[in-house]
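Asker: The file below is work39.tsv, TSV, C-alpha atoms and all ligand atoms:
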```
chain	number	residue	atom	x	y	z
A	123	MET	CA	265.14	-7.02	90.73
A	124	LYS	CA	267.16	-4.58	88.63
A	125	ASN	CA	265.17	-1.48	87.82
A	126	LEU	CA	266.02	-0.06	84.39
A	127	LEU	CA	264.43	3.25	85.33
A	128	ASP	CA	267.28	3.84	87.83
A	129	ASN	CA	269.71	4.21	84.95
A	130	ILE	CA	267.91	6.75	82.79
A	131	GLU	CA	270.43	9.43	81.91
A	132	GLU	CA	269.70	13.10	81.45
A	133	ILE	CA	269.90	13.65	77.71
A	134	LEU	CA	269.73	17.08	76.13
A	135	LEU	CA	266.83	16.55	73.73
A	136	MET	CA	267.61	18.49	70.54
A	137	GLY	CA	265.84	16.26	68.06
A	138	PRO	CA	262.42	16.64	66.42
A	139	GLY	CA	260.69	15.93	69.76
A	140	PRO	CA	260.29	15.13	72.54
A	141	SER	CA	261.97	18.21	73.95
A	142	CYS	CA	263.38	18.77	77.46
A	143	VAL	CA	260.80	18.90	80.22
A	144	PRO	CA	261.00	21.58	82.95
A	145	THR	CA	261.21	20.43	86.58
A	146	GLU	CA	257.89	22.14	87.32
A	147	VAL	CA	256.20	19.88	84.76
A	148	TYR	CA	257.82	16.72	86.18
A	149	ASN	CA	256.59	17.84	89.61
A	150	ALA	CA	253.09	18.41	88.26
A	151	LEU	CA	253.04	14.90	86.76
A	152	SER	CA	253.79	13.39	90.17
A	153	ARG	CA	250.96	15.16	92.03
A	154	LYS	CA	248.34	12.95	93.67
A	155	THR	CA	245.99	11.36	91.18
A	156	LEU	CA	242.39	12.56	91.54
A	157	GLY	CA	239.32	10.80	90.19
A	158	HIS	CA	238.53	11.88	86.65
A	159	LEU	CA	235.11	13.11	87.82
A	160	ASP	CA	236.39	14.63	91.06
A	161	PRO	CA	235.06	18.19	91.54
A	162	TYR	CA	238.55	19.65	92.02
A	163	PHE	CA	239.79	17.88	88.91
A	164	LEU	CA	236.83	19.32	86.97
A	165	GLU	CA	238.04	22.78	88.00
A	166	ILE	CA	241.50	21.98	86.64
A	167	MET	CA	239.93	20.77	83.38
A	168	GLU	CA	237.95	23.99	82.97
A	169	GLU	CA	241.02	26.13	83.46
A	170	LEU	CA	243.11	23.94	81.18
A	171	LYS	CA	240.59	24.43	78.34
A	172	GLU	CA	240.86	28.18	78.79
A	173	MET	CA	244.67	28.01	78.79
A	174	ILE	CA	244.67	26.01	75.55
A	175	ARG	CA	242.35	28.61	74.02
A	176	ARG	CA	244.80	31.33	74.99
A	177	ILE	CA	247.78	29.60	73.46
A	178	MET	CA	245.87	28.81	70.25
A	179	ASN	CA	244.30	32.29	70.13
A	180	THR	CA	240.77	31.01	69.81
A	181	LYS	CA	237.41	31.45	71.48
A	182	ASN	CA	236.15	28.06	70.32
A	183	ASN	CA	234.07	26.28	72.90
A	184	LEU	CA	235.31	22.81	71.91
A	185	THR	CA	238.98	23.24	72.80
A	186	ILE	CA	240.31	20.23	74.68
A	187	PRO	CA	243.26	17.87	74.97
A	188	ILE	CA	242.71	14.54	73.21
A	189	SER	CA	244.11	11.47	74.99
A	190	GLY	CA	246.91	10.34	72.71
A	191	THR	CA	249.88	11.86	70.89
A	192	GLY	CA	249.84	14.32	68.00
A	193	SER	CA	248.74	11.61	65.57
A	194	ALA	CA	245.63	11.08	67.72
A	195	GLY	CA	244.92	14.79	67.18
A	196	MET	CA	245.29	14.28	63.44
A	197	GLU	CA	243.09	11.18	63.44
A	198	THR	CA	240.42	12.88	65.62
A	199	SER	CA	240.30	15.83	63.24
A	200	PHE	CA	239.73	13.76	60.13
A	201	VAL	CA	237.62	10.93	61.55
A	202	ASN	CA	235.03	13.32	62.98
A	203	LEU	CA	234.55	15.24	59.75
A	204	ILE	CA	235.02	12.83	56.86
A	205	GLU	CA	232.23	10.70	55.47
A	206	PRO	CA	232.85	8.36	52.53
A	207	ASP	CA	233.37	10.18	49.21
A	208	ASP	CA	233.89	13.60	50.82
A	209	ARG	CA	236.38	15.62	48.80
A	210	VAL	CA	239.54	16.52	50.70
A	211	LEU	CA	242.55	18.51	49.51
A	212	ILE	CA	245.85	17.99	51.31
A	213	LEU	CA	248.90	20.16	50.74
A	214	ILE	CA	252.00	18.02	50.98
A	215	ASN	CA	255.64	18.98	51.36
A	216	GLY	CA	256.87	16.38	53.82
A	217	VAL	CA	256.12	13.32	55.91
A	218	PHE	CA	253.28	14.76	57.97
A	219	GLY	CA	251.28	15.95	54.96
A	220	MET	CA	251.67	12.39	53.67
A	221	ARG	CA	250.39	11.05	56.97
A	222	MET	CA	247.31	13.25	56.61
A	223	GLN	CA	246.75	11.78	53.15
A	224	ASP	CA	246.99	8.26	54.56
A	225	VAL	CA	244.59	9.01	57.43
A	226	ALA	CA	242.00	10.68	55.17
A	227	SER	CA	242.25	7.92	52.53
A	228	ARG	CA	241.59	5.21	55.11
A	229	LEU	CA	238.31	6.99	55.87
A	230	ARG	CA	237.38	6.58	52.20
A	231	ALA	CA	237.49	10.28	51.42
A	232	LYS	CA	238.20	11.32	47.83
A	233	VAL	CA	241.63	12.72	48.57
A	234	GLU	CA	243.47	15.03	46.22
A	235	VAL	CA	246.89	16.41	46.94
A	236	LEU	CA	248.84	19.46	45.93
A	237	GLU	CA	252.52	18.63	46.28
A	238	PHE	CA	255.47	20.95	46.75
A	239	PRO	CA	259.13	19.94	46.80
A	240	TRP	CA	260.41	18.87	50.22
A	241	GLY	CA	262.34	21.72	51.80
A	242	THR	CA	260.12	24.38	50.18
A	243	PRO	CA	256.79	25.80	51.39
A	244	ALA	CA	253.32	25.40	49.91
A	245	ILE	CA	252.74	28.20	47.40
A	246	THR	CA	249.66	30.23	48.18
A	247	GLU	CA	248.99	31.19	44.52
A	248	GLU	CA	248.91	27.53	43.51
A	249	VAL	CA	246.45	26.76	46.28
A	250	GLU	CA	244.33	29.72	45.18
A	251	LYS	CA	244.37	28.52	41.56
A	252	LYS	CA	243.28	25.03	42.61
A	253	LEU	CA	240.46	26.37	44.77
A	254	LYS	CA	239.14	28.60	41.99
A	255	HIS	CA	238.00	25.60	39.98
A	256	GLU	CA	237.33	22.99	42.66
A	257	SER	CA	235.55	22.85	45.99
A	258	TYR	CA	236.41	20.60	48.90
A	259	LYS	CA	234.88	19.73	52.24
A	260	ILE	CA	238.32	19.99	53.88
A	261	VAL	CA	241.60	21.67	52.97
A	262	ALA	CA	244.44	20.50	55.21
A	263	VAL	CA	248.00	21.62	55.74
A	264	VAL	CA	250.84	21.22	58.25
A	265	HIS	CA	251.98	24.54	59.73
A	266	ALA	CA	255.49	23.44	60.75
A	267	GLU	CA	256.62	20.47	58.62
A	268	THR	CA	258.89	18.66	61.08
A	269	SER	CA	260.43	16.43	58.42
A	270	THR	CA	261.94	19.37	56.52
A	271	GLY	CA	261.97	22.41	58.83
A	272	VAL	CA	259.64	24.41	56.56
A	273	ARG	CA	256.98	26.87	57.71
A	274	ASN	CA	253.88	26.80	55.52
A	275	PRO	CA	251.91	30.04	54.93
A	276	VAL	CA	248.95	28.97	57.02
A	277	ASP	CA	247.69	32.52	57.55
A	278	GLU	CA	247.66	33.31	53.79
A	279	ILE	CA	245.89	30.06	52.91
A	280	GLY	CA	243.32	30.87	55.61
A	281	GLY	CA	242.76	34.20	53.85
A	282	ILE	CA	241.86	32.39	50.62
A	283	LEU	CA	239.38	30.14	52.41
A	284	LYS	CA	237.70	32.92	54.38
A	285	GLY	CA	233.93	32.95	53.90
A	286	SER	CA	233.88	29.59	52.06
A	287	ASP	CA	232.03	26.47	53.18
A	288	THR	CA	235.32	24.53	53.32
A	289	ILE	CA	236.76	23.36	56.61
A	290	TYR	CA	240.32	24.57	57.04
A	291	LEU	CA	242.32	21.99	59.03
A	292	VAL	CA	245.82	22.75	60.32
A	293	ASP	CA	248.45	20.65	62.08
A	294	THR	CA	250.37	22.70	64.66
A	295	VAL	CA	252.12	19.80	66.39
A	296	THR	CA	255.53	21.43	66.05
A	297	SER	CA	254.57	25.10	65.83
A	298	LEU	CA	252.28	25.63	68.84
A	299	GLY	CA	254.20	27.34	71.63
A	300	GLY	CA	257.22	28.13	69.45
A	301	ILE	CA	255.86	30.53	66.84
A	302	GLU	CA	252.63	32.45	66.61
A	303	VAL	CA	249.45	30.48	65.97
A	304	ARG	CA	246.26	32.55	65.60
A	305	MET	CA	243.46	30.10	65.03
A	306	ASP	CA	240.54	32.56	64.81
A	307	ASP	CA	242.36	35.36	62.94
A	308	TRP	CA	243.62	32.88	60.34
A	309	ASN	CA	240.16	31.35	59.78
A	310	ILE	CA	241.26	27.91	60.94
A	311	ASP	CA	238.35	25.57	61.71
A	312	VAL	CA	240.22	22.56	63.04
A	313	LEU	CA	243.57	22.73	64.77
A	314	TYR	CA	245.51	20.10	66.69
A	315	SER	CA	248.90	19.88	68.31
A	316	GLY	CA	251.03	17.63	70.53
A	317	THR	CA	252.52	18.09	73.96
A	318	GLN	CA	256.11	16.97	73.41
A	319	LYS	CA	257.48	19.73	71.18
A	320	CYS	CA	257.30	23.44	72.04
A	321	LEU	CA	254.89	22.85	74.93
A	322	SER	CA	257.66	20.87	76.67
A	323	CYS	CA	255.46	18.29	78.30
A	324	PRO	CA	256.12	14.56	77.74
A	325	PRO	CA	254.30	12.96	74.78
A	326	GLY	CA	250.75	11.77	75.45
A	327	LEU	CA	248.18	14.47	74.74
A	328	ALA	CA	246.97	16.31	71.65
A	329	PRO	CA	245.43	19.73	72.30
A	330	LEU	CA	242.66	20.22	69.73
A	331	SER	CA	240.08	22.84	68.81
A	332	PHE	CA	237.00	22.75	66.56
A	333	SER	CA	235.32	25.97	65.41
A	334	ASP	CA	231.53	26.33	65.48
A	335	LYS	CA	231.55	25.74	61.72
A	336	ALA	CA	233.44	22.46	62.21
A	337	MET	CA	231.01	21.48	64.98
A	338	GLU	CA	228.06	22.16	62.66
A	339	LYS	CA	229.59	19.83	60.06
A	340	LEU	CA	230.17	17.21	62.75
A	341	ASN	CA	226.60	17.46	64.00
A	342	ALA	CA	225.25	17.27	60.44
A	343	ARG	CA	226.92	13.90	59.74
A	344	LYS	CA	224.69	11.32	58.10
A	345	SER	CA	226.65	8.46	59.67
A	346	LYS	CA	228.14	7.87	63.11
A	347	VAL	CA	231.80	8.84	63.64
A	348	PRO	CA	233.46	5.54	62.69
A	349	ASN	CA	235.93	5.54	65.60
A	350	TRP	CA	234.47	5.14	69.08
A	351	TYR	CA	237.48	6.34	71.10
A	352	LEU	CA	237.94	9.58	69.17
A	353	ASP	CA	234.28	10.45	68.67
A	354	LEU	CA	234.05	14.11	69.65
A	355	THR	CA	230.28	14.01	70.06
A	356	MET	CA	230.87	11.76	73.08
A	357	ILE	CA	234.17	13.27	74.27
A	358	ALA	CA	232.58	16.74	74.28
A	359	ASN	CA	230.01	15.45	76.77
A	360	TYR	CA	232.78	14.70	79.25
A	361	TRP	CA	234.63	17.99	78.71
A	362	GLY	CA	231.36	19.98	78.65
A	363	GLN	CA	228.89	20.66	81.47
A	364	ASN	CA	227.31	17.17	81.36
A	365	ARG	CA	230.50	15.38	82.52
A	366	VAL	CA	229.34	12.10	81.06
A	367	TYR	CA	231.97	9.38	81.42
A	368	HIS	CA	233.50	8.41	78.09
A	369	HIS	CA	237.00	7.15	78.87
A	370	THR	CA	239.12	7.63	81.98
A	371	ALA	CA	241.01	10.85	81.44
A	372	PRO	CA	244.82	10.59	81.79
A	373	VAL	CA	244.65	12.70	84.94
A	374	ASN	CA	248.37	13.18	85.65
A	375	MET	CA	249.22	13.93	82.03
A	376	LEU	CA	246.61	16.67	82.19
A	377	TYR	CA	248.32	18.11	85.28
A	378	GLY	CA	251.55	18.12	83.27
A	379	LEU	CA	249.99	19.95	80.34
A	380	TYR	CA	248.34	22.45	82.68
A	381	GLN	CA	251.71	23.27	84.24
A	382	ALA	CA	253.53	23.35	80.89
A	383	ILE	CA	251.11	25.88	79.39
A	384	MET	CA	251.10	27.91	82.59
A	385	LEU	CA	254.89	28.28	82.32
A	386	ILE	CA	254.55	29.56	78.75
A	387	LEU	CA	251.77	32.00	79.62
A	388	GLU	CA	253.71	33.27	82.64
A	389	GLU	CA	256.83	33.88	80.55
A	390	GLY	CA	254.63	35.55	77.94
A	391	THR	CA	254.16	34.03	74.49
A	392	ASP	CA	256.01	36.87	72.75
A	393	ASN	CA	259.03	36.33	74.99
A	394	VAL	CA	258.88	32.60	74.34
A	395	PHE	CA	258.78	33.15	70.55
A	396	LYS	CA	261.71	35.58	70.78
A	397	ARG	CA	263.71	33.03	72.79
A	398	HIS	CA	263.13	30.43	70.05
A	399	SER	CA	264.15	32.91	67.38
A	400	ARG	CA	267.35	33.95	69.22
A	401	CYS	CA	268.41	30.34	69.68
A	402	HIS	CA	267.70	29.58	66.03
A	403	LYS	CA	269.87	32.50	64.87
A	404	LEU	CA	272.68	31.46	67.21
A	405	LEU	CA	272.51	27.94	65.82
A	406	VAL	CA	272.52	29.04	62.18
A	407	GLU	CA	275.50	31.36	62.79
A	408	GLY	CA	277.43	28.67	64.63
A	409	LEU	CA	276.72	26.08	61.94
A	410	SER	CA	277.79	28.48	59.23
A	411	GLN	CA	281.13	28.96	61.05
A	412	LEU	CA	281.53	25.18	60.90
A	413	GLY	CA	280.80	25.31	57.15
A	414	ILE	CA	277.43	23.59	57.57
A	415	LYS	CA	274.49	24.73	55.43
A	416	MET	CA	270.77	24.85	56.13
A	417	LEU	CA	268.37	22.91	53.88
A	418	VAL	CA	265.64	25.56	53.80
A	419	GLU	CA	265.81	29.12	52.39
A	420	GLU	CA	265.87	31.70	55.14
A	421	PRO	CA	262.32	33.14	54.88
A	422	TYR	CA	260.71	29.72	55.25
A	423	ARG	CA	262.83	28.34	58.08
A	424	LEU	CA	261.29	27.28	61.36
A	425	PRO	CA	263.11	28.40	64.48
A	426	MET	CA	262.28	25.25	66.42
A	427	LEU	CA	263.16	22.65	63.77
A	428	ASN	CA	266.38	23.16	61.88
A	429	ALA	CA	267.07	20.94	58.88
A	430	VAL	CA	270.82	20.94	58.44
A	431	CYS	CA	272.72	19.51	55.45
A	432	VAL	CA	275.17	16.77	56.40
A	433	PRO	CA	278.58	17.78	55.02
A	434	ASP	CA	279.91	15.65	52.14
A	435	GLY	CA	281.77	12.56	53.22
A	436	VAL	CA	280.34	12.58	56.77
A	437	ASP	CA	278.57	9.49	58.08
A	438	GLU	CA	275.54	11.20	59.64
A	439	LEU	CA	274.51	8.24	61.81
A	440	SER	CA	277.93	7.86	63.43
A	441	ILE	CA	277.91	11.56	64.36
A	442	ARG	CA	274.48	11.25	65.95
A	443	ARG	CA	275.61	8.16	67.85
A	444	ARG	CA	278.69	9.96	69.18
A	445	LEU	CA	276.68	13.00	70.20
A	446	ARG	CA	274.43	10.69	72.20
A	447	SER	CA	277.14	8.55	73.77
A	448	ASP	CA	279.92	11.08	74.38
A	449	TYR	CA	277.99	14.34	74.86
A	450	LYS	CA	274.53	13.15	76.00
A	451	ILE	CA	272.81	15.08	73.24
A	452	GLU	CA	270.10	13.76	70.94
A	453	ILE	CA	269.55	15.19	67.46
A	454	GLY	CA	267.40	13.68	64.69
A	455	GLY	CA	268.15	12.24	61.27
A	456	GLY	CA	266.30	12.84	58.00
A	457	LEU	CA	263.13	11.03	56.97
A	458	GLY	CA	262.08	9.60	53.58
A	459	PRO	CA	264.07	11.12	50.69
A	460	LEU	CA	266.08	13.21	53.17
A	461	ALA	CA	267.31	10.19	55.18
A	462	GLY	CA	271.11	10.29	55.43
A	463	LYS	CA	271.20	13.79	53.94
A	464	ILE	CA	270.12	16.01	56.82
A	465	TRP	CA	270.15	16.27	60.57
A	466	ARG	CA	267.11	17.69	62.30
A	467	ILE	CA	268.05	19.88	65.21
A	468	GLY	CA	265.19	20.80	67.51
A	469	ILE	CA	265.27	23.86	69.70
A	470	MET	CA	261.81	23.46	71.08
A	471	GLY	CA	260.23	24.82	74.23
A	472	HIS	CA	262.35	24.36	77.35
A	473	THR	CA	265.27	23.19	75.16
A	474	ALA	CA	265.38	26.61	73.45
A	475	ARG	CA	268.14	28.18	75.57
A	476	GLU	CA	271.37	29.73	74.35
A	477	GLU	CA	273.51	27.49	76.58
A	478	ASN	CA	272.00	24.38	74.99
A	479	VAL	CA	272.72	25.65	71.47
A	480	GLU	CA	276.30	26.47	72.45
A	481	ARG	CA	276.74	23.05	74.02
A	482	LEU	CA	275.54	21.37	70.83
A	483	LEU	CA	277.75	23.50	68.60
A	484	MET	CA	280.83	22.64	70.63
A	485	ALA	CA	279.96	18.96	70.66
A	486	LEU	CA	279.28	18.95	66.93
A	487	GLU	CA	282.61	20.66	66.19
A	488	SER	CA	284.52	18.14	68.30
A	489	THR	CA	282.68	15.20	66.79
A	490	LEU	CA	283.20	16.38	63.23
A	491	TYR	CA	286.79	17.53	63.37
A	492	TYR	CA	288.60	15.91	66.28
A	501	LIG	C1	253.92	18.01	62.19
A	501	LIG	C2	253.62	16.74	62.92
A	501	LIG	N1	252.39	16.23	62.86
A	501	LIG	C3	252.07	15.10	63.51
A	501	LIG	C4	253.01	14.42	64.27
A	501	LIG	C5	252.62	13.17	64.95
A	501	LIG	O1	252.72	13.33	66.33
A	501	LIG	P1	253.01	12.10	67.31
A	501	LIG	O2	254.32	11.50	66.92
A	501	LIG	O3	253.04	12.79	68.64
A	501	LIG	O4	251.89	11.15	67.18
A	501	LIG	C6	254.30	14.92	64.36
A	501	LIG	C7	255.32	14.22	65.14
A	501	LIG	O5	256.49	14.45	65.03
A	501	LIG	C8	254.61	16.12	63.68
A	501	LIG	O6	255.84	16.64	63.75
```
Please express what this file holds, its structure, as structure tokens.
Ligand SMILES: Cc1ncc(COP(=O)(O)O)c(C=O)c1O

Answerer:
Amino acid sequence: MKNLLDNIEEILLMGPGPSCVPTEVYNALSRKTLGHLDPYFLEIMEELKEMIRRIMNTKNNLTIPISGTGSAGMETSFVNLIEPDDRVLILINGVFGMRMQDVASRLRAKVEVLEFPWGTPAITEEVEKKLKHESYKIVAVVHAETSTGVRNPVDEIGGILKGSDTIYLVDTVTSLGGIEVRMDDWNIDVLYSGTQKCLSCPPGLAPLSFSDKAMEKLNARKSKVPNWYLDLTMIANYWGQNRVYHHTAPVNMLYGLYQAIMLILEEGTDNVFKRHSRCHKLLVEGLSQLGIKMLVEEPYRLPMLNAVCVPDGVDELSIRRRLRSDYKIEIGGGLGPLAGKIWRIGIMGHTAREENVERLLMALESTLYY
């Protein structure tokens, strides 16, 4: 029988995720599977929780990887806290803010949104103005909006919410491991991420943390969490001292995440952030020499997700197809109103190396002009 897996090529992953995976992580994934209640595996789980705390800069007790991709992290965050008619404010400037709105609305929250043009950040003063007159159970925002390459001022918004009863919920799927995330210092109550971006592990887990304040709200619910699989009151019993079976943990994926975070901590987070920033600058310079502009104004740009304007008259899809077929490089296209107008170039995690950026720039030049 022909095995399709034999023909998987090595592609340089420079899209919006997944990113390239280091050999050490692939090796970790192929370690012997232990039982999900095995005492040695429990040791690995304990250390993994501590490593996630370090990378999120939090002391929160409930800091665990959720089984599922980044969207499972988003869904877990909202489903555990929302009860029907709860007031929720979502800041939207791209696809993932819209996804939050969809998730919260399905839980029958009273969702309000504050929208900002795609390609620009949320404006702190406008959020402040809104919060002066209204109160919400949850205020939610995406730190790194992957659909546009914009960094939202998560720390400033956290400053506004400090001392309030509101739960501050932040998506760090694209930012964690690539730029600084300081959960406790920024007053974030609920934070989730994904493994396949700057953590450079394959997709499949969503690191998540709930502050004590968020846990109090969860424990004060009048109704049961309406989703069994993502119910943190039960999941916390498996990840806590009781070790009560809830669902079979994806053991090998957890090995992979453990190794991926260890690599980041060993390199040093500051060094990792600087590497992302250097690669981003190299990319922007190189693109500018090719006459290609960035979508986002410089102060709001993300280093790991670069939204690049497709030059006039260029068929963006055919360029992406040629990069994939002739140069074995993947980049992303635009989403929603930006479809056909931008490319999304990821320099995330293990991908963020100067040689990869140079390889892409050369390939892009050849594809565009020769
Ligand atoms: C900011 C953001 N949030 C959430 C998600 C959803 O994550 P996943 O596709 O892993 O479910 C993504 C995925 O690209 C993202 O970029």

Asker: Would you work out the distance separating CA of Val249 (chain A) from CA of Ile212 (chain A), expressed in Å to one decimal?

Answerer: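 Rounded to one decimal, the two atoms are 10.1 Å apart.
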
Asker: If we draw a sphere of 10 Å around (253.3, 19.4, 71.8), which residues have at least one atom in it when counting only C-alpha atoms? Please report them as a ChimeraX atom specification.

Answerer: /A:139-141,191-192,294-300,314-329,379,382,470-471

Asker: Neighbouring residues of region 215-224 of chain A were defined as those with any atom within 6 Å, considering only C-alpha atoms; residues of the same chain fewer than 3 positions away were excluded. Please report them as number ranges by chain.

Answerer: A: 227, 237-240, 269

Asker: Okay, now the selection with C-alpha atoms, as an mmCIF file, keeping the file's coordinate frame?

Answerer:
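So the final result, stored in selection-v9.cif, reads:
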```cif
data_model
loop_
_atom_site.group_PDB
_atom_site.id
_atom_site.type_symbol
_atom_site.label_atom_id
_atom_site.label_comp_id
_atom_site.auth_asym_id
_atom_site.auth_seq_id
_atom_site.Cartn_x
_atom_site.Cartn_y
_atom_site.Cartn_z
ATOM 1 C CA SER A 227 242.250 7.920 52.530
ATOM 2 C CA GLU A 237 252.520 18.630 46.280
ATOM 3 C CA PHE A 238 255.470 20.950 46.750
ATOM 4 C CA PRO A 239 259.130 19.940 46.800
ATOM 5 C CA TRP A 240 260.410 18.870 50.220
ATOM 6 C CA SER A 269 260.430 16.430 58.420
#
```

Asker: Can you pull out the residues contacting Ser447 (chain A)? Cut-off 12 Å, using only C-alpha atoms, and skip same-chain residues under 3 positions away; I want them as a list in words.

Answerer: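 Within the cut-off, the hits are Glu131, Glu132, Ile133, Leu134, Ser440, Ile441, Arg442, Arg443, Arg444, Lys450, Ile451, Glu452, Ile453, Ala485 and Thr489 of chain A.
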
Asker: Residues at most 9 Å from Pro425 (chain A), counting all atoms listed in the file, excluding those fewer than 4 positions away in the same chain, as number ranges by chain?

Answerer: A: 271, 300-301, 395, 398-403, 468-470

Asker: Counting only C-alpha atoms, find the residues whose atoms lie at most 10 Å from (240.9, 24.9, 74.9) (file coordinates) and write them out as a ChimeraX atom specification.

Answerer: /A:167-187,329-332

Asker: Suppose we keep C-alpha atoms; can you now write the selection as a compact mmCIF listing (two decimals), in the frame of the given file?

Answerer:
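This went into again.txt:
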```txt
# COMPACT_ATOMS: atom_id res chain seq x y z
CA MET A 167 239.93 20.77 83.38
CA GLU A 168 237.95 23.99 82.97
CA GLU A 169 241.02 26.13 83.46
CA LEU A 170 243.11 23.94 81.18
CA LYS A 171 240.59 24.43 78.34
CA GLU A 172 240.86 28.18 78.79
CA MET A 173 244.67 28.01 78.79
CA ILE A 174 244.67 26.01 75.55
CA ARG A 175 242.35 28.61 74.02
CA ARG A 176 244.80 31.33 74.99
CA ILE A 177 247.78 29.60 73.46
CA MET A 178 245.87 28.81 70.25
CA ASN A 179 244.30 32.29 70.13
CA THR A 180 240.77 31.01 69.81
CA LYS A 181 237.41 31.45 71.48
CA ASN A 182 236.15 28.06 70.32
CA ASN A 183 234.07 26.28 72.90
CA LEU A 184 235.31 22.81 71.91
CA THR A 185 238.98 23.24 72.80
CA ILE A 186 240.31 20.23 74.68
CA PRO A 187 243.26 17.87 74.97
CA PRO A 329 245.43 19.73 72.30
CA LEU A 330 242.66 20.22 69.73
CA SER A 331 240.08 22.84 68.81
CA PHE A 332 237.00 22.75 66.56
```

Asker: Quote the spacing between atom C4 of ligand LIG 501 (chain A) and CA of Cys431 (chain A) in Å to one decimal place.

Answerer: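 We find that atom C4 of ligand LIG 501 (chain A) and CA of Cys431 (chain A) lie 22.2 Å from each other.
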
Asker: Under the rule that only C-alpha atoms and all ligand atoms are counted, which of A:Thr270, A:Asn202, A:Asn393, A:Asn374 is the nearest residue to ligand LIG 501 (chain A)?

Answerer: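 The answer is A:Thr270, which sits nearest to ligand LIG 501 (chain A).
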
Asker: Please determine, counting all atoms listed in the file, which residue among A:Gly285, A:Gly454, A:Gly462, A:Gly435 has the shortest atom-to-atom distance to ligand LIG 501 (chain A).

Answerer: A:Gly454

Asker: Pick out the closest residue to ligand LIG 501 (chain A) from this set: A:Val366, A:Leu417, A:Ile310, A:Val263. Count all atoms listed in the file.

Answerer: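 That would be A:Val263, the residue with the smallest distance to ligand LIG 501 (chain A).
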
Asker: For ligand LIG 501 (chain A), which residue among A:Met337, A:Leu253, A:Leu424, A:Leu156 is the nearest when counting all atoms listed in the file?

Answerer: A:Leu424

Asker: What separation in Å, quoted to one decimal, exists between CA of Glu278 (chain A) and CA of Ala231 (chain A)?

Answerer: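 The value is 25.3 Å.
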
Asker: Find, counting only C-alpha atoms, the residue in A:Glu234, A:Glu247, A:Asp287, A:Glu438 that gets nearest to Ala262 (chain A).

Answerer: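 Selected residue with least distance to Ala262 (chain A): A:Glu234.
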